[in-house]
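Engineer: One file: start29.cif (mmCIF, C-alpha atoms and all ligand atoms).
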```cif
data_work
#
loop_
_atom_site.label_atom_id
_atom_site.label_comp_id
_atom_site.auth_asym_id
_atom_site.auth_seq_id
_atom_site.Cartn_x
_atom_site.Cartn_y
_atom_site.Cartn_z
CA MET E 917 -26.52 -6.48 -15.90
CA ALA E 918 -24.19 -8.18 -13.40
CA LEU E 919 -20.96 -10.10 -12.81
CA LEU E 920 -21.42 -13.47 -11.10
CA ILE E 921 -18.64 -15.26 -9.21
CA THR E 922 -19.36 -18.93 -9.94
CA SER E 923 -16.73 -20.37 -7.65
CA THR E 924 -17.38 -23.03 -5.04
CA GLY E 925 -15.29 -24.09 -2.05
CA LYS E 926 -13.52 -20.72 -1.66
CA ASN E 927 -14.12 -17.86 0.75
CA LEU E 928 -15.07 -15.10 -1.68
CA ASP E 929 -15.09 -12.12 0.71
CA SER E 930 -11.73 -10.78 -0.49
CA TRP E 931 -12.79 -11.23 -4.12
CA VAL E 932 -16.08 -9.38 -3.64
CA ALA E 933 -14.35 -6.54 -1.77
CA ALA E 934 -11.60 -6.18 -4.40
CA LEU E 935 -14.05 -6.25 -7.31
CA LYS E 936 -16.33 -3.67 -5.64
CA GLU E 937 -13.37 -1.40 -5.06
CA ALA E 938 -12.18 -1.72 -8.68
CA GLY E 939 -15.68 -1.32 -10.12
CA PRO E 940 -18.05 0.45 -7.73
CA GLU E 941 -20.70 0.69 -10.46
CA VAL E 942 -20.66 -3.09 -11.21
CA ASP E 943 -23.24 -5.37 -9.63
CA ILE E 944 -21.17 -8.22 -8.13
CA LEU E 945 -23.05 -11.40 -7.18
CA THR E 946 -22.12 -14.79 -5.73
CA LEU E 947 -23.92 -18.13 -5.84
CA GLU E 948 -24.95 -17.64 -2.21
CA GLN E 949 -27.36 -14.94 -3.38
CA ASP E 950 -30.61 -15.25 -5.27
CA VAL E 951 -29.11 -15.08 -8.77
CA PRO E 952 -31.17 -13.29 -11.47
CA HIS E 953 -29.96 -15.64 -14.23
CA GLU E 954 -31.10 -13.44 -17.13
CA ARG E 955 -28.94 -10.50 -15.89
CA ILE E 956 -25.55 -12.24 -15.76
CA LEU E 957 -23.29 -10.76 -18.45
CA MET E 958 -19.97 -12.11 -17.17
CA ALA E 959 -18.88 -14.96 -14.89
CA LEU E 960 -15.70 -15.24 -12.85
CA ALA E 961 -15.00 -18.92 -12.38
CA TRP E 962 -12.96 -21.51 -10.45
CA ASN E 963 -14.46 -24.90 -9.54
CA HIS E 964 -17.81 -23.83 -10.96
CA PRO E 965 -20.87 -26.05 -10.49
CA PRO E 966 -21.33 -28.28 -13.57
CA GLY E 967 -23.99 -27.04 -15.98
CA ILE E 968 -24.20 -23.51 -14.53
CA PHE E 969 -23.20 -21.69 -17.73
CA ARG E 970 -26.12 -23.26 -19.60
CA THR E 971 -28.51 -21.50 -17.21
CA LEU E 972 -27.22 -17.97 -17.96
CA PRO E 973 -28.86 -16.76 -21.22
CA ALA E 974 -27.17 -13.30 -21.32
CA LEU E 975 -23.66 -14.64 -20.60
CA LYS E 976 -21.03 -13.15 -22.96
CA CYS E 977 -17.76 -13.89 -21.18
CA ILE E 978 -16.24 -16.22 -18.59
CA SER E 979 -13.05 -15.18 -16.85
CA SER E 980 -10.89 -17.76 -15.13
CA MET E 981 -9.86 -16.70 -11.61
CA GLY E 982 -6.35 -17.86 -12.44
CA ALA E 983 -3.89 -18.17 -15.32
CA GLY E 984 -5.11 -21.61 -16.38
CA VAL E 985 -8.31 -22.24 -18.29
CA ASP E 986 -8.26 -26.05 -18.54
CA HIS E 987 -10.99 -26.17 -15.87
CA LEU E 988 -13.22 -24.11 -18.20
CA LEU E 989 -12.36 -25.56 -21.61
CA SER E 990 -13.07 -29.09 -20.37
CA ASP E 991 -16.67 -28.00 -19.69
CA PRO E 992 -18.86 -28.95 -22.68
CA ASP E 993 -21.56 -26.52 -21.53
CA ILE E 994 -19.79 -23.32 -22.57
CA PRO E 995 -21.43 -22.10 -25.80
CA GLU E 996 -19.04 -21.32 -28.70
CA ASP E 997 -20.01 -17.63 -28.73
CA VAL E 998 -19.08 -17.06 -25.07
CA ALA E 999 -15.58 -15.57 -24.81
CA VAL E 1000 -13.13 -17.14 -22.36
CA VAL E 1001 -10.50 -14.87 -20.78
CA ARG E 1002 -7.85 -15.53 -18.16
CA ILE E 1003 -5.66 -13.77 -15.63
CA VAL E 1004 -2.30 -12.35 -16.67
CA ASP E 1005 -0.76 -10.68 -13.65
CA PRO E 1006 2.78 -9.61 -12.80
CA MET E 1007 2.29 -10.68 -9.17
CA LEU E 1008 1.35 -14.20 -10.27
CA ALA E 1009 4.53 -14.35 -12.37
CA ARG E 1010 6.73 -12.92 -9.59
CA ASP E 1011 5.33 -15.35 -7.00
CA MET E 1012 6.00 -18.21 -9.41
CA PHE E 1013 9.58 -17.05 -9.93
CA GLU E 1014 10.20 -17.00 -6.18
CA PHE E 1015 8.85 -20.52 -5.82
CA VAL E 1016 10.87 -21.87 -8.75
CA LEU E 1017 13.98 -20.26 -7.29
CA ALA E 1018 13.32 -21.77 -3.86
CA LEU E 1019 12.89 -25.25 -5.35
CA ILE E 1020 15.95 -25.05 -7.61
CA LEU E 1021 18.20 -23.81 -4.80
CA GLY E 1022 16.78 -26.55 -2.57
CA HIS E 1023 17.74 -29.20 -5.13
CA ASN E 1024 21.15 -27.66 -5.79
CA ARG E 1025 21.87 -27.71 -2.06
CA ARG E 1026 20.23 -31.19 -1.65
CA LEU E 1027 17.82 -29.91 1.03
CA PRO E 1028 15.16 -32.63 0.42
CA LEU E 1029 17.89 -35.27 0.88
CA PHE E 1030 19.19 -33.66 4.08
CA ALA E 1031 15.62 -33.45 5.45
CA GLN E 1032 15.32 -37.21 4.90
CA GLN E 1033 18.73 -37.82 6.49
CA GLN E 1034 17.71 -35.73 9.51
CA SER E 1035 14.56 -37.84 9.99
CA ARG E 1036 16.87 -40.90 10.12
CA GLY E 1037 19.49 -39.25 12.37
CA LEU E 1038 22.05 -39.52 9.58
CA TRP E 1039 25.07 -37.15 9.29
CA LYS E 1040 26.28 -37.50 5.69
CA LYS E 1041 27.70 -34.78 3.45
CA LYS E 1042 26.84 -34.43 -0.22
CA ARG E 1043 28.38 -32.03 -2.71
CA TYR E 1044 26.24 -29.16 -3.99
CA ARG E 1045 25.81 -27.52 -7.39
CA ARG E 1046 26.39 -23.80 -7.90
CA ILE E 1047 24.05 -21.44 -9.75
CA ARG E 1048 26.57 -20.83 -12.50
CA ASP E 1049 26.80 -24.59 -13.18
CA THR E 1050 23.03 -25.13 -13.28
CA ARG E 1051 21.24 -25.52 -16.59
CA VAL E 1052 17.50 -24.85 -16.19
CA GLY E 1053 15.03 -25.65 -18.96
CA VAL E 1054 11.57 -24.08 -18.76
CA MET E 1055 8.72 -25.64 -20.75
CA GLY E 1056 6.24 -22.88 -21.54
CA THR E 1057 7.63 -19.40 -21.97
CA GLY E 1058 4.35 -17.50 -21.80
CA ALA E 1059 3.35 -14.80 -19.32
CA ILE E 1060 4.71 -16.74 -16.36
CA GLY E 1061 7.44 -18.90 -17.91
CA HIS E 1062 9.09 -15.96 -19.67
CA HIS E 1063 9.25 -14.02 -16.39
CA VAL E 1064 10.79 -17.05 -14.66
CA CYS E 1065 13.39 -17.43 -17.43
CA MET E 1066 14.29 -13.73 -17.21
CA GLY E 1067 14.65 -13.85 -13.42
CA LEU E 1068 16.80 -17.00 -13.44
CA SER E 1069 18.99 -15.60 -16.25
CA ALA E 1070 19.57 -12.43 -14.23
CA LEU E 1071 20.82 -14.53 -11.29
CA GLY E 1072 23.39 -16.34 -13.43
CA PHE E 1073 21.65 -19.64 -14.19
CA SER E 1074 22.09 -21.03 -17.69
CA VAL E 1075 18.50 -20.89 -18.97
CA SER E 1076 16.66 -22.34 -21.96
CA GLY E 1077 12.98 -22.00 -22.75
CA TRP E 1078 10.76 -24.20 -24.90
CA GLY E 1079 7.49 -23.06 -26.43
CA ARG E 1080 5.16 -23.77 -29.31
CA SER E 1081 6.32 -20.89 -31.49
CA ALA E 1082 9.88 -19.69 -32.00
CA SER E 1083 9.86 -16.08 -30.81
CA ARG E 1084 7.93 -13.65 -28.66
CA GLU E 1085 7.08 -10.72 -30.90
CA GLY E 1086 10.60 -10.14 -32.14
CA GLN E 1087 12.15 -9.89 -28.66
CA GLN E 1088 15.66 -11.26 -28.13
CA PRO E 1089 15.53 -12.54 -24.54
CA PRO E 1090 18.72 -13.29 -22.58
CA TYR E 1091 17.96 -17.02 -22.63
CA ARG E 1092 18.02 -19.63 -25.40
CA ARG E 1093 14.70 -20.38 -27.01
CA HIS E 1094 13.65 -23.69 -28.54
CA ALA E 1095 10.35 -24.43 -30.19
CA GLY E 1096 8.09 -27.27 -31.19
CA ALA E 1097 8.83 -30.96 -31.58
CA GLY E 1098 11.98 -30.17 -33.59
CA GLY E 1099 13.50 -28.12 -30.76
CA LEU E 1100 12.76 -30.52 -27.95
CA ALA E 1101 15.74 -32.92 -28.10
CA SER E 1102 18.41 -30.21 -27.95
CA PHE E 1103 16.46 -28.39 -25.23
CA LEU E 1104 16.30 -31.50 -23.03
CA ARG E 1105 19.88 -32.59 -23.68
CA ASP E 1106 21.17 -29.39 -22.06
CA THR E 1107 18.80 -29.31 -19.08
CA ASP E 1108 19.69 -30.35 -15.50
CA ILE E 1109 16.48 -29.02 -13.96
CA LEU E 1110 13.30 -29.13 -16.04
CA VAL E 1111 10.52 -26.74 -14.99
CA CYS E 1112 7.08 -27.31 -16.53
CA LEU E 1113 4.98 -24.15 -16.83
CA LEU E 1114 2.82 -25.32 -19.72
CA PRO E 1115 -0.94 -24.93 -19.89
CA LEU E 1116 -2.92 -28.17 -19.98
CA THR E 1117 -4.17 -28.71 -23.53
CA PRO E 1118 -4.87 -31.81 -25.63
CA GLU E 1119 -1.29 -31.45 -26.97
CA THR E 1120 0.43 -31.14 -23.60
CA ARG E 1121 -1.55 -33.77 -21.65
CA GLY E 1122 0.85 -36.59 -20.74
CA ILE E 1123 3.84 -34.71 -22.17
CA LEU E 1124 6.04 -35.48 -19.14
CA ASN E 1125 6.38 -39.14 -20.05
CA ARG E 1126 9.23 -41.64 -20.24
CA GLU E 1127 10.14 -40.71 -23.80
CA LEU E 1128 10.60 -37.05 -22.91
CA LEU E 1129 12.01 -37.34 -19.38
CA SER E 1130 14.57 -39.96 -20.36
CA GLN E 1131 16.14 -37.41 -22.72
CA LEU E 1132 17.25 -35.37 -19.70
CA PRO E 1133 20.83 -36.08 -18.61
CA ARG E 1134 21.10 -38.73 -15.86
CA GLY E 1135 20.51 -37.16 -12.43
CA GLY E 1136 18.04 -34.61 -13.80
CA VAL E 1137 15.31 -33.00 -11.71
CA LEU E 1138 11.69 -32.38 -12.71
CA ILE E 1139 9.71 -29.47 -11.27
CA ASN E 1140 6.07 -29.62 -12.39
CA LEU E 1141 4.08 -26.47 -11.70
CA GLY E 1142 1.79 -26.69 -14.74
CA ARG E 1143 -1.00 -29.22 -14.20
CA GLY E 1144 -1.13 -32.76 -12.82
CA PRO E 1145 -2.17 -34.44 -16.09
CA HIS E 1146 1.06 -33.25 -17.74
CA VAL E 1147 2.78 -36.10 -15.88
CA VAL E 1148 2.51 -39.80 -16.75
CA GLU E 1149 2.83 -40.87 -13.14
CA GLN E 1150 4.05 -44.45 -13.59
CA ASP E 1151 6.77 -43.24 -16.02
CA LEU E 1152 7.97 -40.63 -13.53
CA ILE E 1153 8.07 -43.11 -10.64
CA ALA E 1154 9.97 -45.64 -12.78
CA LEU E 1155 12.58 -43.05 -13.83
CA LEU E 1156 13.06 -42.02 -10.19
CA ASP E 1157 13.38 -45.65 -9.09
CA GLU E 1158 15.88 -46.37 -11.86
CA GLY E 1159 17.96 -43.37 -10.74
CA HIS E 1160 17.67 -41.63 -14.10
CA LEU E 1161 15.96 -38.74 -12.34
CA GLN E 1162 17.35 -37.53 -9.02
CA ALA E 1163 14.14 -35.95 -7.77
CA ALA E 1164 10.78 -34.43 -8.67
CA SER E 1165 9.08 -31.43 -7.12
CA LEU E 1166 5.35 -31.63 -7.83
CA ASP E 1167 2.85 -28.88 -7.03
CA VAL E 1168 -0.08 -30.04 -9.17
CA PHE E 1169 -1.83 -33.40 -9.31
CA ASP E 1170 -4.62 -35.33 -10.94
CA PRO E 1171 -6.88 -35.31 -9.02
CA GLU E 1172 -6.40 -32.67 -6.34
CA PRO E 1173 -6.12 -33.11 -3.44
CA LEU E 1174 -3.73 -36.01 -4.06
CA PRO E 1175 -5.57 -39.12 -2.82
CA GLU E 1176 -4.51 -40.77 0.42
CA GLY E 1177 -2.18 -43.71 -0.21
CA HIS E 1178 -0.94 -42.38 -3.56
CA PRO E 1179 2.70 -43.49 -4.11
CA PHE E 1180 3.86 -39.85 -4.46
CA TRP E 1181 3.12 -39.21 -0.75
CA LYS E 1182 5.88 -41.50 0.47
CA HIS E 1183 8.29 -41.68 -2.48
CA PRO E 1184 11.76 -40.57 -1.34
CA GLY E 1185 12.42 -38.86 -4.66
CA VAL E 1186 9.23 -36.77 -4.59
CA GLN E 1187 8.84 -33.41 -2.88
CA LEU E 1188 5.21 -32.34 -3.01
CA THR E 1189 3.33 -29.13 -2.29
CA PRO E 1190 -0.45 -28.54 -2.33
CA HIS E 1191 -0.88 -26.42 -5.51
CA ILE E 1192 0.64 -23.40 -3.85
CA ALA E 1193 3.28 -22.24 -6.35
CA SER E 1194 1.50 -19.01 -7.17
CA LEU E 1195 -1.91 -17.92 -5.91
CA THR E 1196 -4.09 -15.30 -7.54
CA ASP E 1197 -4.24 -12.16 -5.41
CA PRO E 1198 -7.78 -10.71 -5.70
CA ALA E 1199 -6.67 -7.09 -5.13
CA SER E 1200 -4.01 -7.40 -7.82
CA VAL E 1201 -6.27 -8.88 -10.50
CA ALA E 1202 -9.66 -7.24 -9.79
CA PRO E 1203 -8.88 -4.21 -12.02
CA GLN E 1204 -8.38 -6.42 -15.10
CA VAL E 1205 -11.58 -8.37 -14.39
CA ILE E 1206 -13.53 -5.13 -14.07
CA GLU E 1207 -11.82 -3.71 -17.17
CA ASN E 1208 -13.05 -6.72 -19.14
CA TYR E 1209 -16.58 -6.27 -17.77
CA ARG E 1210 -16.53 -2.62 -18.89
CA ARG E 1211 -15.14 -3.57 -22.31
CA LEU E 1212 -17.91 -6.14 -22.65
CA ARG E 1213 -20.51 -3.45 -21.98
CA ARG E 1214 -18.87 -1.13 -24.52
CA GLY E 1215 -18.48 -3.91 -27.10
CA GLU E 1216 -14.68 -3.56 -27.16
CA PRO E 1217 -12.06 -6.35 -27.57
CA LEU E 1218 -11.33 -8.19 -24.32
CA LEU E 1219 -8.01 -8.48 -22.48
CA HIS E 1220 -6.22 -11.86 -22.28
CA ARG E 1221 -8.69 -13.71 -24.46
CA VAL E 1222 -8.05 -17.44 -24.79
CA ASP E 1223 -7.81 -19.06 -28.20
CA ARG E 1224 -10.22 -21.92 -27.66
CA ARG E 1225 -8.82 -23.83 -30.68
CA HIS E 1226 -5.36 -24.00 -29.08
CA GLY E 1227 -6.72 -24.48 -25.56
CA TYR E 1228 -4.75 -21.66 -23.89
N1 LIG E 1301 0.91 -24.26 -9.81
C1 LIG E 1301 0.42 -23.04 -9.76
O1 LIG E 1301 0.20 -22.48 -8.68
C2 LIG E 1301 0.14 -22.31 -11.04
C3 LIG E 1301 -0.15 -20.93 -11.00
C4 LIG E 1301 -0.34 -20.25 -12.18
C5 LIG E 1301 -0.27 -20.93 -13.40
N2 LIG E 1301 0.01 -22.26 -13.42
C6 LIG E 1301 0.10 -22.99 -14.70
O2 LIG E 1301 0.98 -22.27 -15.57
C7 LIG E 1301 0.41 -22.31 -16.88
C8 LIG E 1301 1.03 -21.25 -17.76
O3 LIG E 1301 0.52 -19.97 -17.45
P1 LIG E 1301 0.89 -18.70 -18.38
O4 LIG E 1301 0.08 -17.56 -17.89
O5 LIG E 1301 2.36 -18.54 -18.51
O6 LIG E 1301 0.32 -19.23 -19.80
P2 LIG E 1301 0.57 -18.61 -21.25
O7 LIG E 1301 0.96 -17.19 -21.18
O8 LIG E 1301 -0.62 -18.99 -22.07
O9 LIG E 1301 1.85 -19.42 -21.79
C9 LIG E 1301 1.78 -20.73 -22.21
C10 LIG E 1301 3.13 -21.15 -22.79
O10 LIG E 1301 3.08 -22.55 -23.11
C11 LIG E 1301 3.47 -22.73 -24.46
N3 LIG E 1301 2.75 -23.86 -25.06
C12 LIG E 1301 1.41 -24.06 -25.13
N4 LIG E 1301 1.15 -25.22 -25.78
C13 LIG E 1301 2.36 -25.72 -26.14
C14 LIG E 1301 2.75 -26.89 -26.84
N5 LIG E 1301 1.86 -27.76 -27.32
N6 LIG E 1301 4.07 -27.10 -27.03
C15 LIG E 1301 4.99 -26.23 -26.57
N7 LIG E 1301 4.68 -25.10 -25.89
C16 LIG E 1301 3.38 -24.87 -25.68
C17 LIG E 1301 3.12 -21.44 -25.16
O11 LIG E 1301 3.89 -21.36 -26.34
P3 LIG E 1301 3.86 -20.03 -27.28
O12 LIG E 1301 4.66 -19.00 -26.53
O13 LIG E 1301 4.55 -20.46 -28.50
O14 LIG E 1301 2.40 -19.68 -27.43
C18 LIG E 1301 3.48 -20.41 -24.09
O15 LIG E 1301 4.86 -20.18 -24.11
C19 LIG E 1301 -1.08 -22.19 -16.61
O16 LIG E 1301 -1.84 -22.65 -17.70
C20 LIG E 1301 -1.25 -23.08 -15.40
O17 LIG E 1301 -1.47 -24.41 -15.81
C21 LIG E 1301 0.21 -22.95 -12.27
#
```
Re-express the file's structure as structure tokens.

Structural biologist:
Amino acid sequence: MALLITSTGKNLDSWVAALKEAGPEVDILTLEQDVPHERILMALAWNHPPGIFRTLPALKCISSMGAGVDHLLSDPDIPEDVAVVRIVDPMLARDMFEFVLALILGHNRRLPLFAQQQSRGLWKKKRYRRIRDTRVGVMGTGAIGHHVCMGLSALGFSVSGWGRSASREGQQPPYRRHAGAGGLASFLRDTDILVCLLPLTPETRGILNRELLSQLPRGGVLINLGRGPHVVEQDLIALLDEGHLQAASLDVFDPEPLPEGHPFWKHPGVQLTPHIASLTDPASVAPQVIENYRRLRRGEPLLHRVDRRHGY
């Protein structure tokens, strides 16, 4: 049996090397090879070719190459009995924390504004906000969001998290937790900088809309690191134009790359980055991919299995 990397548009050399090192006994294949379809037990996927999973009769499990699985669950060709797993990796969470911190400090110190002033030759001071006066609200307190909340709390930010369920296995984290529709209004009311780290599911698609964003205090900032379709773009642009929101940092878009001529490219309130918040490091995650392949062979429960009913 074998593990097939069904990713397109990526150089896979580092993935193949890391997987071979973690699992020397595992047959690792890519789509560039002559694939023996009947021998593929597990697939490792990102931007997979449409329809490929239907052609693999022995397939038992598909692992996302990243934390998100929306790219897999939107594929109608994945049979119900094929397990979907994802990456949960401390390095992914740490990298995300560093990026969130960089963006928040940039907004507190008005760096995007000063970059614009520099391009216009303008010398104009603006007051800044200190860490201890900054209220950060993180939507999605899962593997990544929880780590971000913990890191920001440790630095002295005032942090709140919002998730679907009230508590994480009885833990009492050092940040306030809100949950569900009932907890949203109080969460937003006390948030200066809103960070979205939600997965994209039918429930969270379009969640960053006028109704939600207008509940932030005037002058609020949105940082979206989840997925592009979380944002209702025309609502966000209107709230920036009206001055209700001060700025938005966007790392994810629908579609990607962001099309030429899209209003986000030139909007003075938008800071954009090319889906770079946190990248999967093959060497860091190869052991968990191989562990799942071995568990599959032994018939044991898989790590980081996605609940396909909830979509994450
Ligand atoms: N931009 C980038 O470079 C980048 C990199 C990595 C990941 N990401 C994004 O980050 C996302 C999160 O990753 P993760 O590993 O932290 O995921 P995760 O562990 O599955 O956590 C998801 C969190 O979202 C919450 N949630 C899900 N549906 C919800 C809903 N309808 N209402 C309220 N809360 C909801 C969950 O609530 P419960 O705790 O109650 O279950 C959980 O706290 C990924 O799916 C991906 O989209 C982006």

Engineer: I'd like the neighbourhood of Pro966 in chain E as an mmCIF file with C-alpha atoms, keeping the file's coordinate frame, where a residue qualifies if any of its atoms comes within 10 Å (using only C-alpha atoms), though same-chain residues fewer than 2 positions away should be ignored.

Structural biologist:
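Dumped to out-v5.cif:
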```
data_model
loop_
_atom_site.group_PDB
_atom_site.id
_atom_site.type_symbol
_atom_site.label_atom_id
_atom_site.label_comp_id
_atom_site.auth_asym_id
_atom_site.auth_seq_id
_atom_site.Cartn_x
_atom_site.Cartn_y
_atom_site.Cartn_z
ATOM 1 C CA ASN E 963 -14.460 -24.900 -9.540
ATOM 2 C CA HIS E 964 -17.810 -23.830 -10.960
ATOM 3 C CA ILE E 968 -24.200 -23.510 -14.530
ATOM 4 C CA PHE E 969 -23.200 -21.690 -17.730
ATOM 5 C CA ARG E 970 -26.120 -23.260 -19.600
ATOM 6 C CA ASP E 991 -16.670 -28.000 -19.690
ATOM 7 C CA PRO E 992 -18.860 -28.950 -22.680
ATOM 8 C CA ASP E 993 -21.560 -26.520 -21.530
#
```

Engineer: Could the residues that lie within 8 Å of ligand LIG 1301 (chain E), counting only C-alpha atoms and all ligand atoms, be listed as a VMD selection string?

Structural biologist: chain E and resid 982 to 986 1003 to 1004 1008 to 1009 1012 1055 to 1062 1078 to 1084 1095 to 1097 1112 to 1117 1119 to 1120 1140 to 1143 1167 to 1168 1191 to 1196 1226 to 1228

Engineer: Name the residues in contact with Gln1187 in chain E at a cut-off of 8 Å, using all atoms listed in the file, excluding same-chain residues fewer than 3 positions from it; report them as a list in words.

Structural biologist: Pro1028, Ala1163, Ala1164, Ser1165, Leu1166 and Pro1184 of chain E

Engineer: In Å, how far is it from CA of Asn1024 in chain E to CA of Pro1089 in chain E?

Structural biologist: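 Spanning CA of Asn1024 in chain E to CA of Pro1089 in chain E is a straight-line distance of 24.7 Å.
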
Engineer: Counting only C-alpha atoms, which of E:Arg1225, E:Arg1134, E:Arg1211, E:Lys1040 gets nearest to Arg1105 in chain E?

Structural biologist: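 Of all the options, E:Arg1134 lies closest to Arg1105 in chain E.
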
Engineer: Taking all atoms listed in the file into account, name the residue in E:Pro1171, E:Pro1090, E:Pro1145, E:Gly1053 that is nearest to Gly1067 in chain E.

Structural biologist: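 Using all atoms listed in the file, Gly1067 in chain E sits closest to E:Pro1090.
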
Engineer: At what distance in Å, to one decimal, does CA of Leu975 in chain E lie from CA of Val998 in chain E?

Structural biologist: 6.8 Å
